[in-house]
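All remarks here apply to the structure that follows.
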Amino acid sequence: MVASRADLSAPEIVTGLAEILGASQLDTDPDTLRAASVDRFKKYSAAHGIFDGPFPSVIAYVRSTDDVARVLEFAKAHRINVVPRTGRTATEGGLETVVADSIVLDGSQMNEILDINETDMTVTVQCGVPLQHLEDVLRERGLTTGHSPQSKPLAQYGGLVATRSIGQFSTLYGGIEDMVLGLEAVFPDTGVVRIKSVPRRAAGPDIRHLAIGNEGALGFITEVTIKVFAYQPENLRFLGYLVESLPAGTEALRRVIVEGYRPSVARVYSEEDAGQHFSHFAGGKAVVVFVAEGPRGVADATAAGIEEIFAEVPHEWVDPALIEAWFDGLNWGQDKIDAEVEHMLEHHELGYTTEVSVNWSQVKNLFEAVMSRIRTEFPRADDLTLLGGHSSHSYQSGTNLYFVYDYRIQVEPRDEIAEYHVPLNAIIVEEALRHGGSMVHHHGIGKYRTPWTLEEHGSAYALLEVLKRGLDSEGIMNFGTIYPGVE
């Protein structure tokens with residue numbers, strides 16, 4: 001717990017915000033505040049009703065950019081920690097309120113689709129617009145965002161942009177940073193800033209990235225303009241192959257990418273991870289899956305190119321209908337989260353993931369190093385019920401590795417994080433950095449990978465420090481996220 005630096009008590013903070021926003025836009029219900037003090041990093045202890053705090057003083061629901069600006073001005077004047085949120089699907093502790101009497105600043109009521117421009121192929125939305133809702137609206141017009149993270153049924157645009165989200169179709173459409181053309185954000189030291197939407201420009205550094213991926217540690221994103229694409233589901237092509245191992249599969253995947261093909265989905269699952277996703281046909285093998293899409297000629301050519309490459313790779317063919325069925329069940333809505341909670345409470349077990357990225361030349365070494373260290377060094381290795389991984393987002397120079405670990409919990413619920421998740425996460429992060437990769441591919445640093453922020457950035461960390469001093473000089477934004485917390 002970090003003591004509040006504010007010169008106001010929690011009741012005084014609530015009173016001050018009521019004068020700015022009105023009491024109807026504030027929530028001080030104790031149960032709601034407890035739930036708001038954590039995110040899905042602590043899903044097991046939360047399922048058991050364990051919330052050790054500190055708890056926020058209030059959840060403030062903003063309805064306009066002006067609301068956000070006035071709240072941040074108030075917070076800066078009184079040195080109150082602010083935790084921005086929309087969507088609430090964070091997994092790395094970024095939404096935890098580690099400072100007493102924080103303000104949770106919620107943008108979910110800023111939920112208007114402001115403009116759909118079918119000539120420029122752009123959409124402008126407020127931060128609280130749900131991704132699934134926008135996608136549904138666009139598909140009625142024959143368009144798509146091209147963005148489909150697993151959290152799609154719940155995620156909202158402010159959170160997607162702030163955490164540098166990526167979706168299942170990234171090999172074709174890119175990550176959220178490739179989709180955002182312009183945005184509006186509020187920073188404590190500058191107030192409201194707008195970055196205009198243009199196809200490209202060479203007018204200095206790309207200042208969109210002061211907001212994209214800032215995880216609420218610098219400011220609050222209020223509005224974004226993104227690219228949209230033609231939606232052509234009739235042209236989808238599904239392909240699947242069984243191979244001997246994840247390294248063998250990623251080498252085949254590397255060939256697909258570097259030879260110039262861009263399927264929307266390109267994944268390789270290790271034997272262990274394939275066992276939970278494709279148990280009805282994997283048979284102890286690693287599984288490679290692709291989805292090609294776009295105009296019919298492009299989709300057909302992409303599928304044909306992949307098949308030509310795999311003609312030279314030892315494999316067993318998988319019926320495309322099986323891959324299509326898997327594809328249709330990828331996303332998680334509230335129903336799956338509720339089912340997960342029931343399973344955790346009944347069986348005292350759960351699963352987590354840690355995602356990193358690495359160059360092609362180090363994929364095999366990184367994967368095998370992580371597997372070896374966890375099996376030999378992790379004190380509770382006997383409690384693991386699954387240890388594996390997959391690659392799900394690839395680039396010309398490398399790919400990501402999504403390490404997956406499920407375990408039986410043999411300790412009190414409050415101790416699960418320290419005994420299991422934190423040490424497993426640490427091994428994966430350490431090995432990613434040792435092999436020249438990044439400690440995080442798309443979930444964000446949150447509050448649980450900050451011990452490695454300096455090592456991740458090296459001498460470039462000085463630039464991050466300049467950003468923090470220049471945009472949030474009083475340090476009120478989401479203490480402990482991205483930046484190692486120092487009281």
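Numbering starts fresh at 1 for the residues of each chain in the structure tokens, the chains themselves are lettered A, B, ... in the order given, and ligands are numbered from 1 as they appear.
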
Counting only C-alpha atoms, give me one row per residue of segment 324-351 of chain A with an atom at most 12 Å from an atom of segment 159-175 of chain A, showing the shortest contact pair and its distance in Å to one decimal, sorted by chain then residue number, as JSON lines.
{"residue": "A:Phe327", "atom": "CA", "partner": "A:Gln168", "partner_atom": "CA", "distance": 9.8}
{"residue": "A:Asp328", "atom": "CA", "partner": "A:Gln168", "partner_atom": "CA", "distance": 11.8}
{"residue": "A:Leu330", "atom": "CA", "partner": "A:Gln168", "partner_atom": "CA", "distance": 8.9}
{"residue": "A:Asn331", "atom": "CA", "partner": "A:Gln168", "partner_atom": "CA", "distance": 9.5}

Give me a file of those residues, with N, CA and C atoms, as an mmCIF file, in the first residue's frame.
data_model
loop_
_atom_site.group_PDB
_atom_site.id
_atom_site.type_symbol
_atom_site.label_atom_id
_atom_site.label_comp_id
_atom_site.auth_asym_id
_atom_site.auth_seq_id
_atom_site.Cartn_x
_atom_site.Cartn_y
_atom_site.Cartn_z
ATOM 1 N N PHE A 327 -12.250 -21.408 -34.501
ATOM 2 C CA PHE A 327 -12.203 -19.963 -34.728
ATOM 3 C C PHE A 327 -13.462 -19.282 -34.199
ATOM 4 N N ASP A 328 -14.603 -19.911 -34.338
ATOM 5 C CA ASP A 328 -15.874 -19.313 -33.931
ATOM 6 C C ASP A 328 -16.018 -19.189 -32.417
ATOM 7 N N LEU A 330 -13.411 -18.304 -30.172
ATOM 8 C CA LEU A 330 -12.205 -17.733 -29.583
ATOM 9 C C LEU A 330 -12.474 -16.699 -28.489
ATOM 10 N N ASN A 331 -13.481 -15.859 -28.657
ATOM 11 C CA ASN A 331 -13.626 -14.695 -27.782
ATOM 12 C C ASN A 331 -14.280 -15.031 -26.451
#

All alpha helix (DSSP H) positions in segment 246-278 of chain A, as an NGL selection string:
:A and (246-258 or 271-277)

Can those selected residues be exported to a file as a compact mmCIF listing (two decimals), in the first residue's frame so that it contains N, CA, C and O atoms?
# COMPACT_ATOMS: atom_id res chain seq x y z
N LEU A 246 6.34 -26.97 -31.38
CA LEU A 246 6.19 -25.54 -31.59
C LEU A 246 7.35 -24.96 -32.38
O LEU A 246 7.12 -24.18 -33.32
N PRO A 247 8.62 -25.30 -32.08
CA PRO A 247 9.71 -24.77 -32.92
C PRO A 247 9.57 -25.15 -34.40
O PRO A 247 9.84 -24.32 -35.28
N ALA A 248 9.12 -26.38 -34.68
CA ALA A 248 8.93 -26.77 -36.08
C ALA A 248 7.82 -25.95 -36.72
O ALA A 248 7.92 -25.52 -37.87
N GLY A 249 6.76 -25.72 -35.96
CA GLY A 249 5.65 -24.93 -36.47
C GLY A 249 6.02 -23.48 -36.70
O GLY A 249 5.60 -22.86 -37.69
N THR A 250 6.80 -22.90 -35.79
CA THR A 250 7.16 -21.49 -35.96
C THR A 250 8.14 -21.31 -37.12
O THR A 250 8.13 -20.25 -37.77
N GLU A 251 8.95 -22.32 -37.42
CA GLU A 251 9.82 -22.20 -38.59
C GLU A 251 8.99 -22.18 -39.88
O GLU A 251 9.26 -21.41 -40.80
N ALA A 252 7.94 -23.01 -39.91
CA ALA A 252 7.04 -22.97 -41.07
C ALA A 252 6.30 -21.64 -41.13
O ALA A 252 6.12 -21.06 -42.21
N LEU A 253 5.88 -21.16 -39.98
CA LEU A 253 5.21 -19.86 -39.92
C LEU A 253 6.13 -18.75 -40.40
O LEU A 253 5.71 -17.84 -41.13
N ARG A 254 7.40 -18.82 -40.00
CA ARG A 254 8.37 -17.82 -40.44
C ARG A 254 8.44 -17.79 -41.96
O ARG A 254 8.45 -16.70 -42.57
N ARG A 255 8.46 -18.93 -42.58
CA ARG A 255 8.52 -18.98 -44.04
C ARG A 255 7.30 -18.30 -44.67
O ARG A 255 7.42 -17.56 -45.64
N VAL A 256 6.13 -18.57 -44.11
CA VAL A 256 4.91 -17.95 -44.64
C VAL A 256 5.03 -16.43 -44.60
O VAL A 256 4.71 -15.74 -45.58
N ILE A 257 5.50 -15.92 -43.48
CA ILE A 257 5.55 -14.46 -43.31
C ILE A 257 6.64 -13.84 -44.17
O ILE A 257 6.41 -12.86 -44.89
N VAL A 258 7.85 -14.38 -44.11
CA VAL A 258 8.96 -13.73 -44.82
C VAL A 258 8.86 -13.89 -46.33
O VAL A 258 9.45 -13.10 -47.09
N GLU A 271 2.50 -28.73 -28.32
CA GLU A 271 1.75 -29.96 -28.09
C GLU A 271 0.86 -29.86 -26.87
O GLU A 271 -0.31 -30.30 -26.88
N GLU A 272 1.39 -29.26 -25.79
CA GLU A 272 0.61 -29.17 -24.55
C GLU A 272 -0.56 -28.20 -24.71
O GLU A 272 -1.70 -28.50 -24.30
N ASP A 273 -0.30 -27.05 -25.28
CA ASP A 273 -1.35 -26.06 -25.44
C ASP A 273 -2.40 -26.52 -26.46
O ASP A 273 -3.60 -26.28 -26.30
N ALA A 274 -1.95 -27.21 -27.50
CA ALA A 274 -2.90 -27.75 -28.48
C ALA A 274 -3.84 -28.75 -27.84
O ALA A 274 -5.01 -28.87 -28.25
N GLY A 275 -3.35 -29.43 -26.81
CA GLY A 275 -4.19 -30.43 -26.15
C GLY A 275 -5.44 -29.85 -25.52
O GLY A 275 -6.46 -30.55 -25.40
N GLN A 276 -5.38 -28.57 -25.10
CA GLN A 276 -6.57 -27.99 -24.49
C GLN A 276 -7.48 -27.31 -25.52
O GLN A 276 -8.67 -27.16 -25.29
N HIS A 277 -6.94 -26.91 -26.66
CA HIS A 277 -7.75 -26.23 -27.67
C HIS A 277 -8.24 -27.17 -28.77
O HIS A 277 -9.30 -26.93 -29.36

Per-residue nearest contacts of segment 441-486 of chain A to segment 69-79 of chain A (8 Å; only C-alpha atoms) as a Markdown table:
| residue | atom | partner | partner_atom | distance |
| --- | --- | --- | --- | --- |
| A:Glu474 | CA | A:Lys76 | CA | 6.5 |
| A:Gly475 | CA | A:Arg79 | CA | 7.8 |
| A:Ile476 | CA | A:Arg79 | CA | 6.0 |

Test item: residues at most 9 Å from Phe281 of chain A, only C-alpha atoms, excluding those fewer than 3 positions along its chain, as a short mmCIF file (atom, residue, chain, number, x, y, z; two decimals) with C-alpha atoms, in the first residue's frame:
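Okay, selection_17.cif is ready:
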data_model
loop_
_atom_site.label_atom_id
_atom_site.label_comp_id
_atom_site.auth_asym_id
_atom_site.auth_seq_id
_atom_site.Cartn_x
_atom_site.Cartn_y
_atom_site.Cartn_z
CA GLY A 275 -4.19 -30.43 -26.15
CA PHE A 278 -7.78 -29.09 -30.17
CA GLY A 284 -0.18 -35.07 -29.05
CA VAL A 318 -6.45 -30.94 -40.64
CA LEU A 322 -12.40 -28.14 -37.54
#

Test item, strand (DSSP E or B) assignment across segment 192-415 of chain A, answer as a PyMOL selection string:
chain A and resi 192-195+220-227+229-230+237-243+265-269+286-292+316-318+349-359+384-391+394+398-408

Which residue, A:Ala203, A:Ala325, A:Ala282, A:Val287, has the smallest gap to Phe238 of chain A when you use only C-alpha atoms?
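The answer is A:Ala325, which sits nearest to Phe238 of chain A.
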
Expressed in Å to a single decimal, how great is the separation between atom CA of Val265 of chain A and atom CA of Gly444 of chain A?
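Taking atom CA of Val265 of chain A and atom CA of Gly444 of chain A, their separation equals 21.5 Å.
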
As a short mmCIF file (atom, residue, chain, number, x, y, z; two decimals) with N, CA, C and O atoms, in the first residue's frame, please: the residues near Asp27 of chain A (cut-off 7 Å, only C-alpha atoms, same-chain neighbours under 6 positions excluded).
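Saved as selection_18.cif:
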data_model
loop_
_atom_site.label_atom_id
_atom_site.label_comp_id
_atom_site.auth_asym_id
_atom_site.auth_seq_id
_atom_site.Cartn_x
_atom_site.Cartn_y
_atom_site.Cartn_z
N VAL A 58 -13.41 6.90 -4.67
CA VAL A 58 -14.60 7.11 -5.47
C VAL A 58 -14.35 6.62 -6.90
O VAL A 58 -13.21 6.60 -7.36
N ILE A 59 -15.42 6.21 -7.55
CA ILE A 59 -15.39 5.99 -9.00
C ILE A 59 -16.12 7.16 -9.63
O ILE A 59 -17.30 7.40 -9.32
N ALA A 60 -15.44 7.89 -10.48
CA ALA A 60 -16.02 9.07 -11.12
C ALA A 60 -16.29 8.75 -12.59
O ALA A 60 -15.37 8.42 -13.33
#

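If you measure from each of A:Thr190, A:Leu424, A:Asp338, A:Phe290 to Ser473 of chain A using only C-alpha atoms, the closest one turns out to be A:Thr190.
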
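Among the candidate residues A:His393, A:Ile113, A:Glu416, A:Lys468, the one lying nearest to Val137 of chain A is A:Ile113, with distances computed using only C-alpha atoms.
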
Do you know which residues are at most 12 Å from Ala426 of chain A counting only C-alpha atoms, after dropping those on the same chain fewer than 2 positions away, and could you put them as an NGL selection string?
:A and (353-356 or 370 or 373-374 or 377-378 or 403 or 417-424 or 428-433 or 439-440 or 448-452)
